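Undergrad: Provided herewith is a single structure, encoded as structure tokens, for subsequent inquiry.
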Amino acid sequence: MKRLIDPDFKYHRSVCQVAVEIVRSLADSLIIPFNISDYAWGLEMNRQTLDKGFGSRLQQIVSNYPDLQKVIEGFKKDVHEFERTLSQIDRKDPMAIRMINDQLLFLEKAFLDSEGLPSRPQKKHLIFAESINDAYAGNSFAGLVDLLFDIDKLQADRLAERWKEIQHHFSVLLNAIQAAGYTLRDVVKFVEETY
């Protein structure tokens with residue numbers, strides 16, 4: 001390291017300074033600095049990309065494919081309502097701040113699947129993952145796109161099995177997005193809605 005890459009350790013120092021500043025910023029933030037409207041926007045962009053690349057094929061096989069748009073629209077509404085609540089919150093109330101921060105933490109956890117992505121159980125995040133076919137590129141809904149990759153080259157017996165895997169993973173994806181939206185809802189209102 002000292003002879004070839006970073007003789008004076010300037011780059012190491014710079015990276016450490018940035019990391020420390022990020023950690024300090026997170027520690028000093030009253031509310032976790034997490035822009036969830038970007039998440040909603042990203043989900044919609046991923047849906048549009050998926051639709052452009054595989055939409056017609058998915059509509060033929062996955063009967064509830066239009067539900068992806070509905071679930072993302074529902075997530076956007078939950079985000080909008082959460083941001084409205086956040087703008088009106090009493091920042092001197094520690095319980096209100098705790099509730100908001102817990103909701104933000106649970107939002108991110110809602111996108112984790114304990115089984116991982118299909119054929120990659122070590123990758124738990126359903127939204128953010130690199131492509132199995134191109135480690136430098138991201139995918140819109142990586143698990144789904146991985147399953148769809150080269151699907152036309154499969155033999156008939158393997159093709160039917162692959163479509164079952166796609167339908168299952170699609171359902172997991174829908175449930176995760178819906179659950180993420182639920183984490184943003186007011187707990188009291190959410191309980192009233194379910195009963």
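A note on labels: chains of the structure tokens are A, B, ... as shown, every chain counts residues from 1, and ligands are counted from 1 in their shown order.
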Would you please extract all helix (DSSP H, G or I) residues from chain A, as assigned by DSSP on the backbone, and give them as a VMD selection string?

TA: chain A and resid 10 to 28 36 to 61 67 to 88 94 to 110 142 to 148 151 to 153 156 to 183 187 to 194

Undergrad: Now that the selection is made, can you save its residues with C-alpha atoms as a compact mmCIF listing (two decimals), in the first residue's frame?

TA:
```
# COMPACT_ATOMS: atom_id res chain seq x y z
CA LYS A 10 -3.82 10.80 1.54
CA TYR A 11 -6.66 8.84 -0.07
CA HIS A 12 -7.17 6.71 3.02
CA ARG A 13 -7.35 9.83 5.14
CA SER A 14 -9.87 11.46 2.80
CA VAL A 15 -12.11 8.39 2.75
CA CYS A 16 -12.00 8.17 6.55
CA GLN A 17 -12.85 11.86 6.89
CA VAL A 18 -15.90 11.46 4.64
CA ALA A 19 -17.01 8.34 6.53
CA VAL A 20 -16.63 10.06 9.90
CA GLU A 21 -18.61 13.07 8.66
CA ILE A 22 -21.43 10.79 7.46
CA VAL A 23 -21.53 8.98 10.79
CA ARG A 24 -21.46 12.29 12.69
CA SER A 25 -24.28 13.65 10.56
CA LEU A 26 -26.38 10.56 11.20
CA ALA A 27 -25.66 10.65 14.92
CA ASP A 28 -26.53 14.35 15.20
CA ILE A 36 -38.43 8.45 1.10
CA SER A 37 -39.96 10.37 -1.80
CA ASP A 38 -36.83 9.36 -3.73
CA TYR A 39 -37.67 5.77 -2.87
CA ALA A 40 -41.17 6.17 -4.32
CA TRP A 41 -39.76 7.81 -7.43
CA GLY A 42 -37.15 5.03 -7.78
CA LEU A 43 -39.77 2.30 -7.50
CA GLU A 44 -41.80 3.94 -10.26
CA MET A 45 -38.71 4.28 -12.49
CA ASN A 46 -37.89 0.62 -11.86
CA ARG A 47 -41.45 -0.34 -12.77
CA GLN A 48 -41.29 1.63 -16.00
CA THR A 49 -37.94 0.06 -16.92
CA LEU A 50 -39.26 -3.41 -16.17
CA ASP A 51 -42.40 -2.69 -18.15
CA LYS A 52 -40.39 -1.46 -21.13
CA GLY A 53 -38.12 -4.49 -21.15
CA PHE A 54 -40.43 -7.32 -20.09
CA GLY A 55 -43.94 -5.90 -19.60
CA SER A 56 -45.71 -7.57 -22.50
CA ARG A 57 -44.22 -10.95 -21.64
CA LEU A 58 -45.01 -10.62 -17.93
CA GLN A 59 -48.61 -9.60 -18.65
CA GLN A 60 -49.11 -12.84 -20.57
CA ILE A 61 -47.87 -15.11 -17.78
CA ASP A 67 -50.90 -4.95 -9.42
CA LEU A 68 -47.29 -3.75 -9.43
CA GLN A 69 -48.39 -0.32 -10.61
CA LYS A 70 -51.25 -0.28 -8.09
CA VAL A 71 -48.99 -1.25 -5.20
CA ILE A 72 -46.42 1.41 -6.13
CA GLU A 73 -49.19 4.01 -6.38
CA GLY A 74 -50.33 2.97 -2.89
CA PHE A 75 -46.74 3.29 -1.66
CA LYS A 76 -46.55 6.81 -3.14
CA LYS A 77 -49.72 7.77 -1.25
CA ASP A 78 -48.28 6.39 1.98
CA VAL A 79 -45.07 8.37 1.37
CA HIS A 80 -47.02 11.56 0.73
CA GLU A 81 -49.08 11.10 3.89
CA PHE A 82 -45.97 10.29 5.94
CA GLU A 83 -44.18 13.40 4.68
CA ARG A 84 -47.23 15.50 5.56
CA THR A 85 -47.21 14.01 9.06
CA LEU A 86 -43.46 14.57 9.32
CA SER A 87 -43.82 18.25 8.44
CA GLN A 88 -46.32 18.70 11.29
CA PRO A 94 -39.19 12.47 22.02
CA MET A 95 -41.86 9.80 21.53
CA ALA A 96 -43.01 11.35 18.24
CA ILE A 97 -39.41 11.53 17.02
CA ARG A 98 -38.84 7.93 18.07
CA MET A 99 -41.98 6.83 16.20
CA ILE A 100 -40.85 8.57 13.00
CA ASN A 101 -37.33 7.12 13.20
CA ASP A 102 -38.70 3.64 13.88
CA GLN A 103 -40.95 3.92 10.85
CA LEU A 104 -37.99 4.93 8.66
CA LEU A 105 -35.97 1.96 9.92
CA PHE A 106 -38.84 -0.46 9.34
CA LEU A 107 -39.35 0.93 5.84
CA GLU A 108 -35.91 -0.20 4.76
CA LYS A 109 -36.27 -3.54 6.54
CA ALA A 110 -39.53 -4.20 4.68
CA ALA A 142 -32.93 -7.52 -9.88
CA GLY A 143 -34.41 -10.85 -8.76
CA LEU A 144 -37.15 -10.65 -11.34
CA VAL A 145 -34.83 -9.57 -14.16
CA ASP A 146 -32.35 -12.30 -13.24
CA LEU A 147 -35.12 -14.88 -13.63
CA LEU A 148 -36.17 -13.38 -16.96
CA ILE A 151 -35.69 -17.23 -20.58
CA ASP A 152 -36.23 -17.80 -24.30
CA LYS A 153 -33.33 -20.24 -24.39
CA ALA A 156 -40.16 -26.35 -22.29
CA ASP A 157 -39.96 -28.37 -19.06
CA ARG A 158 -37.56 -25.88 -17.46
CA LEU A 159 -39.53 -22.92 -18.84
CA ALA A 160 -42.69 -23.83 -16.91
CA GLU A 161 -40.66 -24.15 -13.71
CA ARG A 162 -39.00 -20.77 -14.34
CA TRP A 163 -42.38 -19.05 -14.81
CA LYS A 164 -43.49 -20.46 -11.45
CA GLU A 165 -40.36 -18.98 -9.88
CA ILE A 166 -41.10 -15.64 -11.55
CA GLN A 167 -44.70 -15.64 -10.30
CA HIS A 168 -43.53 -16.47 -6.77
CA HIS A 169 -40.85 -13.76 -6.73
CA PHE A 170 -43.30 -11.27 -8.20
CA SER A 171 -45.67 -11.96 -5.30
CA VAL A 172 -42.82 -11.51 -2.81
CA LEU A 173 -41.99 -8.19 -4.45
CA LEU A 174 -45.60 -6.97 -4.31
CA ASN A 175 -45.88 -7.93 -0.64
CA ALA A 176 -42.62 -6.17 0.23
CA ILE A 177 -43.66 -2.90 -1.42
CA GLN A 178 -47.05 -3.04 0.25
CA ALA A 179 -45.48 -3.84 3.65
CA ALA A 180 -43.05 -0.95 3.21
CA GLY A 181 -45.99 1.40 2.66
CA TYR A 182 -47.69 0.04 5.77
CA THR A 183 -44.64 0.91 7.88
CA VAL A 187 -49.96 3.02 13.84
CA VAL A 188 -53.26 4.07 15.40
CA LYS A 189 -54.93 4.62 12.02
CA PHE A 190 -53.44 1.42 10.64
CA VAL A 191 -54.90 -0.65 13.49
CA GLU A 192 -58.31 0.96 12.96
CA GLU A 193 -58.20 0.17 9.21
CA THR A 194 -57.42 -3.51 9.71
```

Undergrad: By how many Å are atom CA of Phe141 of chain A and atom CA of Lys124 of chain A apart?

TA: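 Going from atom CA of Phe141 of chain A over to atom CA of Lys124 of chain A covers 12.1 Å.
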
Undergrad: Using backbone DSSP assignments, extract all strand (DSSP E or B) residues from segment 68-190 of chain A; output them as a VMD selection string.

TA: chain A and resid 112 117 120 125 130 138

Undergrad: Could you jot down the atom CA of Ala129 of chain A to atom CA of Leu112 of chain A separation for me, Å, one decimal place?

TA: 11.2 Å
